[in-house]
file target00.txt (compact mmCIF, C-alpha atoms)
# COMPACT_ATOMS: atom_id res chain seq x y z
CA MET A 711 -24.03 23.63 -26.88
CA ARG A 712 -21.72 22.95 -23.93
CA VAL A 713 -22.65 25.16 -20.98
CA LEU A 714 -20.48 25.74 -17.94
CA LEU A 715 -22.53 26.58 -14.85
CA ILE A 716 -20.53 28.14 -12.02
CA GLY A 717 -21.45 28.55 -8.38
CA THR A 718 -19.17 30.70 -6.25
CA TYR A 719 -20.57 31.05 -2.78
CA GLU A 720 -22.79 28.33 -1.38
CA LEU A 721 -20.79 27.76 1.82
CA GLY A 722 -20.35 24.05 1.14
CA ARG A 723 -24.01 23.35 0.39
CA GLN A 724 -24.92 21.89 -2.97
CA PRO A 725 -26.03 24.82 -5.16
CA THR A 726 -29.68 24.30 -6.00
CA SER A 727 -29.49 27.10 -8.56
CA LEU A 728 -26.93 25.12 -10.57
CA ALA A 729 -28.97 21.91 -10.32
CA THR A 730 -32.13 23.72 -11.44
CA ALA A 731 -30.36 25.50 -14.30
CA ALA A 732 -28.72 22.22 -15.38
CA ALA A 733 -32.15 20.58 -15.59
CA ALA A 734 -33.61 23.39 -17.73
CA LEU A 735 -30.59 23.43 -20.05
CA ALA A 736 -30.51 19.64 -20.40
CA ALA A 737 -34.23 19.70 -21.25
CA SER A 738 -33.36 22.17 -24.04
CA GLY A 739 -30.76 19.75 -25.40
CA HIS A 740 -27.59 21.36 -24.07
CA ASP A 741 -24.61 19.60 -22.47
CA VAL A 742 -23.92 20.95 -19.00
CA ASP A 743 -20.84 20.99 -16.78
CA CYS A 744 -21.05 22.36 -13.24
CA LEU A 745 -18.29 23.92 -11.20
CA ASP A 746 -18.93 24.75 -7.54
CA LEU A 747 -16.03 27.01 -6.62
CA SER A 748 -16.92 26.99 -2.94
CA VAL A 749 -15.68 23.37 -2.79
CA GLN A 750 -13.90 22.76 -6.13
CA ASP A 751 -10.81 24.24 -7.75
CA TRP A 752 -10.88 26.25 -10.98
CA ASP A 753 -10.87 23.70 -13.80
CA LEU A 754 -9.15 24.87 -16.99
CA ALA A 755 -10.45 21.83 -18.90
CA LEU A 756 -14.09 22.74 -18.14
CA VAL A 757 -13.47 26.37 -19.02
CA GLY A 758 -11.71 25.41 -22.24
CA ARG A 759 -14.53 23.28 -23.58
CA ALA A 760 -17.38 25.65 -22.64
CA GLY A 761 -19.37 27.30 -25.40
CA VAL A 762 -21.03 29.63 -22.88
CA ALA A 763 -20.68 30.21 -19.14
CA ALA A 764 -23.36 31.15 -16.63
CA ILE A 765 -22.56 32.16 -13.07
CA SER A 766 -25.12 31.81 -10.29
CA VAL A 767 -25.50 34.89 -8.08
CA PRO A 768 -28.25 34.18 -5.52
CA MET A 769 -26.90 36.67 -2.95
CA HIS A 770 -24.79 39.84 -2.82
CA THR A 771 -21.51 38.14 -1.91
CA ALA A 772 -22.02 35.62 -4.71
CA MET A 773 -22.56 38.52 -7.13
CA ARG A 774 -19.31 40.18 -6.05
CA THR A 775 -17.32 36.94 -6.32
CA GLY A 776 -19.19 36.01 -9.51
CA LEU A 777 -18.02 39.23 -11.18
CA ALA A 778 -14.43 38.44 -10.20
CA TRP A 779 -14.73 34.95 -11.74
CA ALA A 780 -16.39 36.47 -14.83
CA ARG A 781 -13.34 38.72 -15.25
CA ARG A 782 -11.09 35.67 -15.04
CA LEU A 783 -13.24 33.89 -17.62
CA ARG A 784 -13.06 36.93 -19.90
CA ASP A 785 -9.26 37.04 -19.54
CA GLU A 786 -8.87 33.32 -20.29
CA GLN A 787 -11.58 33.03 -22.97
CA PRO A 788 -12.20 36.51 -24.46
CA ALA A 789 -14.91 35.35 -26.90
CA LEU A 790 -16.85 33.23 -24.37
CA PRO A 791 -20.41 34.52 -23.81
CA ILE A 792 -20.93 35.03 -20.05
CA CYS A 793 -24.18 35.37 -18.13
CA LEU A 794 -24.97 36.07 -14.48
CA PHE A 795 -28.22 34.55 -13.23
CA GLY A 796 -30.03 34.72 -9.92
CA LEU A 797 -31.51 37.21 -7.50
CA TYR A 798 -28.56 39.63 -7.63
CA ALA A 799 -27.73 39.33 -11.34
CA THR A 800 -28.90 42.83 -12.24
CA VAL A 801 -27.34 44.56 -9.22
CA GLY A 802 -23.66 44.37 -10.20
CA HIS A 803 -21.19 46.57 -12.04
CA ASP A 804 -22.23 47.99 -15.41
CA GLY A 805 -19.15 50.08 -16.22
CA ALA A 806 -16.92 49.98 -19.25
CA ASP A 807 -14.95 46.99 -17.94
CA ASN A 808 -18.08 44.89 -17.37
CA PRO A 809 -17.11 41.27 -18.22
CA VAL A 810 -20.71 40.02 -18.48
CA ASP A 811 -22.79 39.80 -21.66
CA HIS A 812 -26.17 39.02 -20.14
CA ARG A 813 -27.92 39.07 -16.75
CA ILE A 814 -31.06 37.25 -15.69
CA ALA A 815 -32.79 37.96 -12.38
CA GLY A 816 -35.95 36.46 -10.97
CA GLU A 817 -37.14 33.20 -12.48
CA PHE A 818 -34.08 32.35 -14.52
CA ASP A 819 -34.58 28.81 -15.88
CA THR A 820 -36.60 29.63 -19.00
CA GLN A 821 -34.65 32.80 -19.77
CA LEU A 822 -31.27 31.08 -19.33
CA ALA A 823 -32.24 28.28 -21.70
CA ALA A 824 -33.52 30.84 -24.22
CA TRP A 825 -30.27 32.82 -24.01
CA VAL A 826 -28.14 29.71 -24.55
CA ASP A 827 -30.43 28.70 -27.44
CA ALA A 828 -29.89 32.14 -29.03
CA VAL A 829 -26.11 31.93 -28.62
CA ALA A 830 -26.13 28.39 -30.06
CA ALA A 831 -28.24 29.49 -33.04
CA GLY A 832 -25.25 30.97 -34.71
CA PRO A 833 -22.75 33.70 -35.05
CA GLY A 834 -23.76 37.25 -35.01
CA PRO A 835 -22.61 40.49 -33.54
CA ARG A 836 -22.41 40.28 -29.77
CA PRO A 837 -24.89 42.80 -28.36
CA GLY A 838 -23.95 45.06 -25.50
CA PRO A 839 -24.72 43.88 -21.99
CA THR A 840 -28.39 43.07 -21.52
CA ALA A 841 -30.49 42.37 -18.45
CA ILE A 842 -33.82 40.64 -17.90
CA ILE A 843 -35.93 40.44 -14.76
CA ASP A 844 -38.45 37.61 -15.18
CA THR A 845 -41.21 37.52 -12.58
CA GLY A 846 -43.40 35.04 -14.44
CA ARG A 847 -44.16 31.58 -13.16
CA HIS A 848 -42.90 28.80 -15.38
CA GLY A 849 -42.98 25.05 -15.16
CA THR A 850 -40.07 23.64 -13.22
CA HIS A 851 -37.72 20.74 -13.87
CA VAL A 852 -36.47 18.26 -11.34
CA PRO A 853 -32.99 19.54 -10.43
CA VAL A 854 -30.10 17.62 -12.00
CA ARG A 855 -27.53 17.08 -9.25
CA SER A 856 -25.35 14.46 -10.96
CA GLY A 857 -22.76 17.00 -12.12
CA LEU A 858 -22.27 18.51 -8.66
CA PRO A 859 -20.06 17.45 -5.75
CA PRO A 860 -22.00 15.71 -2.96
call {"tool": "encode", "arguments": {"input": "target00.txt", "output": "structure tokens"}}
result
Amino acid sequence: MRVLLIGTYELGRQPTSLATAAAALAASGHDVDCLDLSVQDWDLALVGRAGVAAISVPMHTAMRTGLAWARRLRDEQPALPICLFGLYATVGHDGADNPVDHRIAGEFDTQLAAWVDAVAAGPGPRPGPTAIIDTGRHGTHVPVRSGLPP
């Protein structure tokens, strides 16, 4: 499945969370595109070819901006499954207009790959918003930085 990983607020530093997630997803057999919105423009082509989108939210400001980008994704691609992942993923808005399908806090690599695997497994009713906080220790992958700006 083609996964779009989005970083929103890294202040010009290469987002390690995207590189780490890209490695875990690639190891699970998924194709990954990365979009670092702190230094890149919104890319309609990347959004258009995504099968799922996951937005990194390692801090509060990233969570706030991540929710705004999730709303834009939802407006442009209403059926696109959207996930927030990172330290602040479970802290955001959970109201009726919540644009996010899934949230993963804590150690996100394994859970993110499992979520994408489940989405890729086939059609089914989209569940309501779900959240996971994973505090387990899992094996790590060498971050994949090739899809990120320098």
call {"tool": "atom_distance", "arguments": {"input": "target00.txt", "atom1": "CA of Arg781 in chain A", "atom2": "CA of His740 in chain A"}}
result
24.1 Å
call {"tool": "atom_distance", "arguments": {"input": "target00.txt", "atom1": "CA of Tyr719 in chain A", "atom2": "CA of Ala772 in chain A"}}
result
5.2 Å
call {"tool": "atom_distance", "arguments": {"input": "target00.txt", "atom1": "CA of Gly717 in chain A", "atom2": "CA of Ala764 in chain A"}}
result
8.9 Å
call {"tool": "residues_near_point", "arguments": {"input": "target00.txt", "point": "(-22.4, 21.3, -27.1)", "cutoff": "7 Å", "atoms": "only C-alpha atoms", "output": "list in words"}}
result
Met711, Arg712, His740, Asp741 and Gly761 of chain A
call {"tool": "residues_around", "arguments": {"input": "target00.txt", "residues": "Leu747 in chain A", "least_positions_apart": "6", "cutoff": "12 Å", "atoms": "only C-alpha atoms", "output": "PyMOL selection string"}}
result
chain A and resi 715-725+728+753+765-766+772+775-776+779+858-859
call {"tool": "residues_around", "arguments": {"input": "target00.txt", "residues": "Gly796 in chain A", "least_positions_apart": "2", "cutoff": "10 Å", "atoms": "only C-alpha atoms", "output": "VMD selection string"}}
result
chain A and resid 727 765 to 769 772 to 773 794 798 to 800 813 to 819 843
call {"tool": "closest_residue", "arguments": {"input": "target00.txt", "among": "A:Val801, A:Val713, A:Ala729, A:Leu735", "to": "Thr820 in chain A", "atoms": "all atoms listed in the file"}}
result
A:Leu735
call {"tool": "residues_near_point", "arguments": {"input": "target00.txt", "point": "(-27.9, 20.7, -17.8)", "cutoff": "10 Å", "atoms": "all atoms listed in the file", "output": "PyMOL selection string"}}
result
chain A and resi 712-715+728-744+823+853-857
call {"tool": "residues_around", "arguments": {"input": "target00.txt", "residues": "Val829 in chain A", "least_positions_apart": "2", "cutoff": "9 Å", "atoms": "all atoms listed in the file", "output": "JSON, numbers by chain"}}
result
{"A": [711, 761, 762, 791, 824, 825, 826, 827, 831, 832, 833, 834]}
call {"tool": "residues_around", "arguments": {"input": "target00.txt", "residues": "Ala789 in chain A", "least_positions_apart": "3", "cutoff": "12 Å", "atoms": "all atoms listed in the file", "output": "short mmCIF file (atom, residue, chain, number, x, y, z; two decimals) with C-alpha atoms, keeping the file's coordinate frame"}}
result
data_model
loop_
_atom_site.label_atom_id
_atom_site.label_comp_id
_atom_site.auth_asym_id
_atom_site.auth_seq_id
_atom_site.Cartn_x
_atom_site.Cartn_y
_atom_site.Cartn_z
CA GLY A 758 -11.71 25.41 -22.24
CA ALA A 760 -17.38 25.65 -22.64
CA GLY A 761 -19.37 27.30 -25.40
CA VAL A 762 -21.03 29.63 -22.88
CA ALA A 763 -20.68 30.21 -19.14
CA LEU A 783 -13.24 33.89 -17.62
CA ARG A 784 -13.06 36.93 -19.90
CA ASP A 785 -9.26 37.04 -19.54
CA GLU A 786 -8.87 33.32 -20.29
CA ILE A 792 -20.93 35.03 -20.05
CA PRO A 809 -17.11 41.27 -18.22
CA VAL A 810 -20.71 40.02 -18.48
CA ASP A 811 -22.79 39.80 -21.66
CA VAL A 829 -26.11 31.93 -28.62
CA PRO A 833 -22.75 33.70 -35.05
CA PRO A 835 -22.61 40.49 -33.54
CA ARG A 836 -22.41 40.28 -29.77
#
call {"tool": "closest_residue", "arguments": {"input": "target00.txt", "among": "A:Asp746, A:Pro860, A:Arg759, A:Phe795", "to": "Leu822 in chain A", "atoms": "only C-alpha atoms"}}
result
A:Phe795
call {"tool": "build_atoms", "arguments": {"input": "target00.txt", "residues": "range 786-797 of chain A", "atoms": "all heavy atoms", "output": "PDB file, keeping the file's coordinate frame"}}
result
ATOM      1  N   GLU A 786      -9.316  34.604 -19.761  1.00  0.00           N
ATOM      2  CA  GLU A 786      -8.870  33.320 -20.290  1.00  0.00           C
ATOM      3  C   GLU A 786      -9.556  32.933 -21.598  1.00  0.00           C
ATOM      4  O   GLU A 786      -8.964  32.248 -22.430  1.00  0.00           O
ATOM      5  CB  GLU A 786      -9.091  32.219 -19.243  1.00  0.00           C
ATOM      6  CG  GLU A 786      -8.192  32.384 -18.031  1.00  0.00           C
ATOM      7  CD  GLU A 786      -8.424  31.340 -16.952  1.00  0.00           C
ATOM      8  OE1 GLU A 786      -9.207  30.387 -17.179  1.00  0.00           O
ATOM      9  OE2 GLU A 786      -7.820  31.479 -15.882  1.00  0.00           O
ATOM     10  N   GLN A 787     -10.795  33.352 -21.766  1.00  0.00           N
ATOM     11  CA  GLN A 787     -11.580  33.030 -22.970  1.00  0.00           C
ATOM     12  C   GLN A 787     -12.305  34.295 -23.436  1.00  0.00           C
ATOM     13  O   GLN A 787     -13.497  34.464 -23.192  1.00  0.00           O
ATOM     14  CB  GLN A 787     -12.601  31.925 -22.657  1.00  0.00           C
ATOM     15  CG  GLN A 787     -12.026  30.624 -22.187  1.00  0.00           C
ATOM     16  CD  GLN A 787     -11.368  29.859 -23.327  1.00  0.00           C
ATOM     17  OE1 GLN A 787     -11.676  30.068 -24.490  1.00  0.00           O
ATOM     18  NE2 GLN A 787     -10.451  28.981 -22.979  1.00  0.00           N
ATOM     19  N   PRO A 788     -11.617  35.198 -24.117  1.00  0.00           N
ATOM     20  CA  PRO A 788     -12.200  36.510 -24.460  1.00  0.00           C
ATOM     21  C   PRO A 788     -13.508  36.442 -25.257  1.00  0.00           C
ATOM     22  O   PRO A 788     -14.350  37.327 -25.126  1.00  0.00           O
ATOM     23  CB  PRO A 788     -11.106  37.186 -25.285  1.00  0.00           C
ATOM     24  CG  PRO A 788      -9.850  36.507 -24.893  1.00  0.00           C
ATOM     25  CD  PRO A 788     -10.220  35.091 -24.547  1.00  0.00           C
ATOM     26  N   ALA A 789     -13.704  35.427 -26.070  1.00  0.00           N
ATOM     27  CA  ALA A 789     -14.910  35.350 -26.900  1.00  0.00           C
ATOM     28  C   ALA A 789     -16.057  34.592 -26.228  1.00  0.00           C
ATOM     29  O   ALA A 789     -17.146  34.511 -26.785  1.00  0.00           O
ATOM     30  CB  ALA A 789     -14.575  34.674 -28.229  1.00  0.00           C
ATOM     31  N   LEU A 790     -15.839  34.040 -25.048  1.00  0.00           N
ATOM     32  CA  LEU A 790     -16.850  33.230 -24.370  1.00  0.00           C
ATOM     33  C   LEU A 790     -18.016  34.096 -23.901  1.00  0.00           C
ATOM     34  O   LEU A 790     -17.827  35.043 -23.143  1.00  0.00           O
ATOM     35  CB  LEU A 790     -16.217  32.521 -23.168  1.00  0.00           C
ATOM     36  CG  LEU A 790     -17.108  31.549 -22.399  1.00  0.00           C
ATOM     37  CD1 LEU A 790     -17.375  30.307 -23.256  1.00  0.00           C
ATOM     38  CD2 LEU A 790     -16.440  31.146 -21.088  1.00  0.00           C
ATOM     39  N   PRO A 791     -19.245  33.799 -24.332  1.00  0.00           N
ATOM     40  CA  PRO A 791     -20.410  34.520 -23.810  1.00  0.00           C
ATOM     41  C   PRO A 791     -20.600  34.175 -22.327  1.00  0.00           C
ATOM     42  O   PRO A 791     -20.562  33.008 -21.938  1.00  0.00           O
ATOM     43  CB  PRO A 791     -21.575  33.994 -24.642  1.00  0.00           C
ATOM     44  CG  PRO A 791     -20.938  33.448 -25.883  1.00  0.00           C
ATOM     45  CD  PRO A 791     -19.616  32.897 -25.430  1.00  0.00           C
ATOM     46  N   ILE A 792     -20.808  35.204 -21.502  1.00  0.00           N
ATOM     47  CA  ILE A 792     -20.930  35.030 -20.050  1.00  0.00           C
ATOM     48  C   ILE A 792     -22.224  35.657 -19.573  1.00  0.00           C
ATOM     49  O   ILE A 792     -22.562  36.787 -19.936  1.00  0.00           O
ATOM     50  CB  ILE A 792     -19.738  35.680 -19.318  1.00  0.00           C
ATOM     51  CG1 ILE A 792     -18.414  35.091 -19.799  1.00  0.00           C
ATOM     52  CG2 ILE A 792     -19.888  35.521 -17.802  1.00  0.00           C
ATOM     53  CD1 ILE A 792     -17.185  35.832 -19.286  1.00  0.00           C
ATOM     54  N   CYS A 793     -22.917  34.918 -18.700  1.00  0.00           N
ATOM     55  CA  CYS A 793     -24.180  35.370 -18.130  1.00  0.00           C
ATOM     56  C   CYS A 793     -24.125  35.248 -16.607  1.00  0.00           C
ATOM     57  O   CYS A 793     -23.581  34.278 -16.089  1.00  0.00           O
ATOM     58  CB  CYS A 793     -25.313  34.507 -18.690  1.00  0.00           C
ATOM     59  SG  CYS A 793     -26.948  34.853 -18.013  1.00  0.00           S
ATOM     60  N   LEU A 794     -24.704  36.209 -15.908  1.00  0.00           N
ATOM     61  CA  LEU A 794     -24.970  36.070 -14.480  1.00  0.00           C
ATOM     62  C   LEU A 794     -26.454  35.765 -14.347  1.00  0.00           C
ATOM     63  O   LEU A 794     -27.277  36.360 -15.049  1.00  0.00           O
ATOM     64  CB  LEU A 794     -24.682  37.370 -13.722  1.00  0.00           C
ATOM     65  CG  LEU A 794     -23.261  37.875 -13.645  1.00  0.00           C
ATOM     66  CD1 LEU A 794     -23.211  39.138 -12.771  1.00  0.00           C
ATOM     67  CD2 LEU A 794     -22.312  36.836 -13.109  1.00  0.00           C
ATOM     68  N   PHE A 795     -26.801  34.835 -13.451  1.00  0.00           N
ATOM     69  CA  PHE A 795     -28.220  34.550 -13.230  1.00  0.00           C
ATOM     70  C   PHE A 795     -28.487  34.373 -11.747  1.00  0.00           C
ATOM     71  O   PHE A 795     -27.659  33.872 -11.010  1.00  0.00           O
ATOM     72  CB  PHE A 795     -28.673  33.331 -14.032  1.00  0.00           C
ATOM     73  CG  PHE A 795     -28.097  32.011 -13.577  1.00  0.00           C
ATOM     74  CD1 PHE A 795     -28.810  31.190 -12.705  1.00  0.00           C
ATOM     75  CD2 PHE A 795     -26.850  31.581 -14.015  1.00  0.00           C
ATOM     76  CE1 PHE A 795     -28.284  29.968 -12.289  1.00  0.00           C
ATOM     77  CE2 PHE A 795     -26.324  30.371 -13.615  1.00  0.00           C
ATOM     78  CZ  PHE A 795     -27.038  29.564 -12.742  1.00  0.00           C
ATOM     79  N   GLY A 796     -29.648  34.829 -11.321  1.00  0.00           N
ATOM     80  CA  GLY A 796     -30.030  34.720  -9.920  1.00  0.00           C
ATOM     81  C   GLY A 796     -30.533  36.058  -9.387  1.00  0.00           C
ATOM     82  O   GLY A 796     -30.558  37.067 -10.094  1.00  0.00           O
ATOM     83  N   LEU A 797     -30.886  36.056  -8.136  1.00  0.00           N
ATOM     84  CA  LEU A 797     -31.510  37.210  -7.500  1.00  0.00           C
ATOM     85  C   LEU A 797     -30.716  38.503  -7.665  1.00  0.00           C
ATOM     86  O   LEU A 797     -31.273  39.569  -7.885  1.00  0.00           O
ATOM     87  CB  LEU A 797     -31.736  36.920  -6.007  1.00  0.00           C
ATOM     88  CG  LEU A 797     -32.466  37.969  -5.202  1.00  0.00           C
ATOM     89  CD1 LEU A 797     -33.872  38.181  -5.750  1.00  0.00           C
ATOM     90  CD2 LEU A 797     -32.525  37.556  -3.741  1.00  0.00           C
TER      91      LEU A 797
END
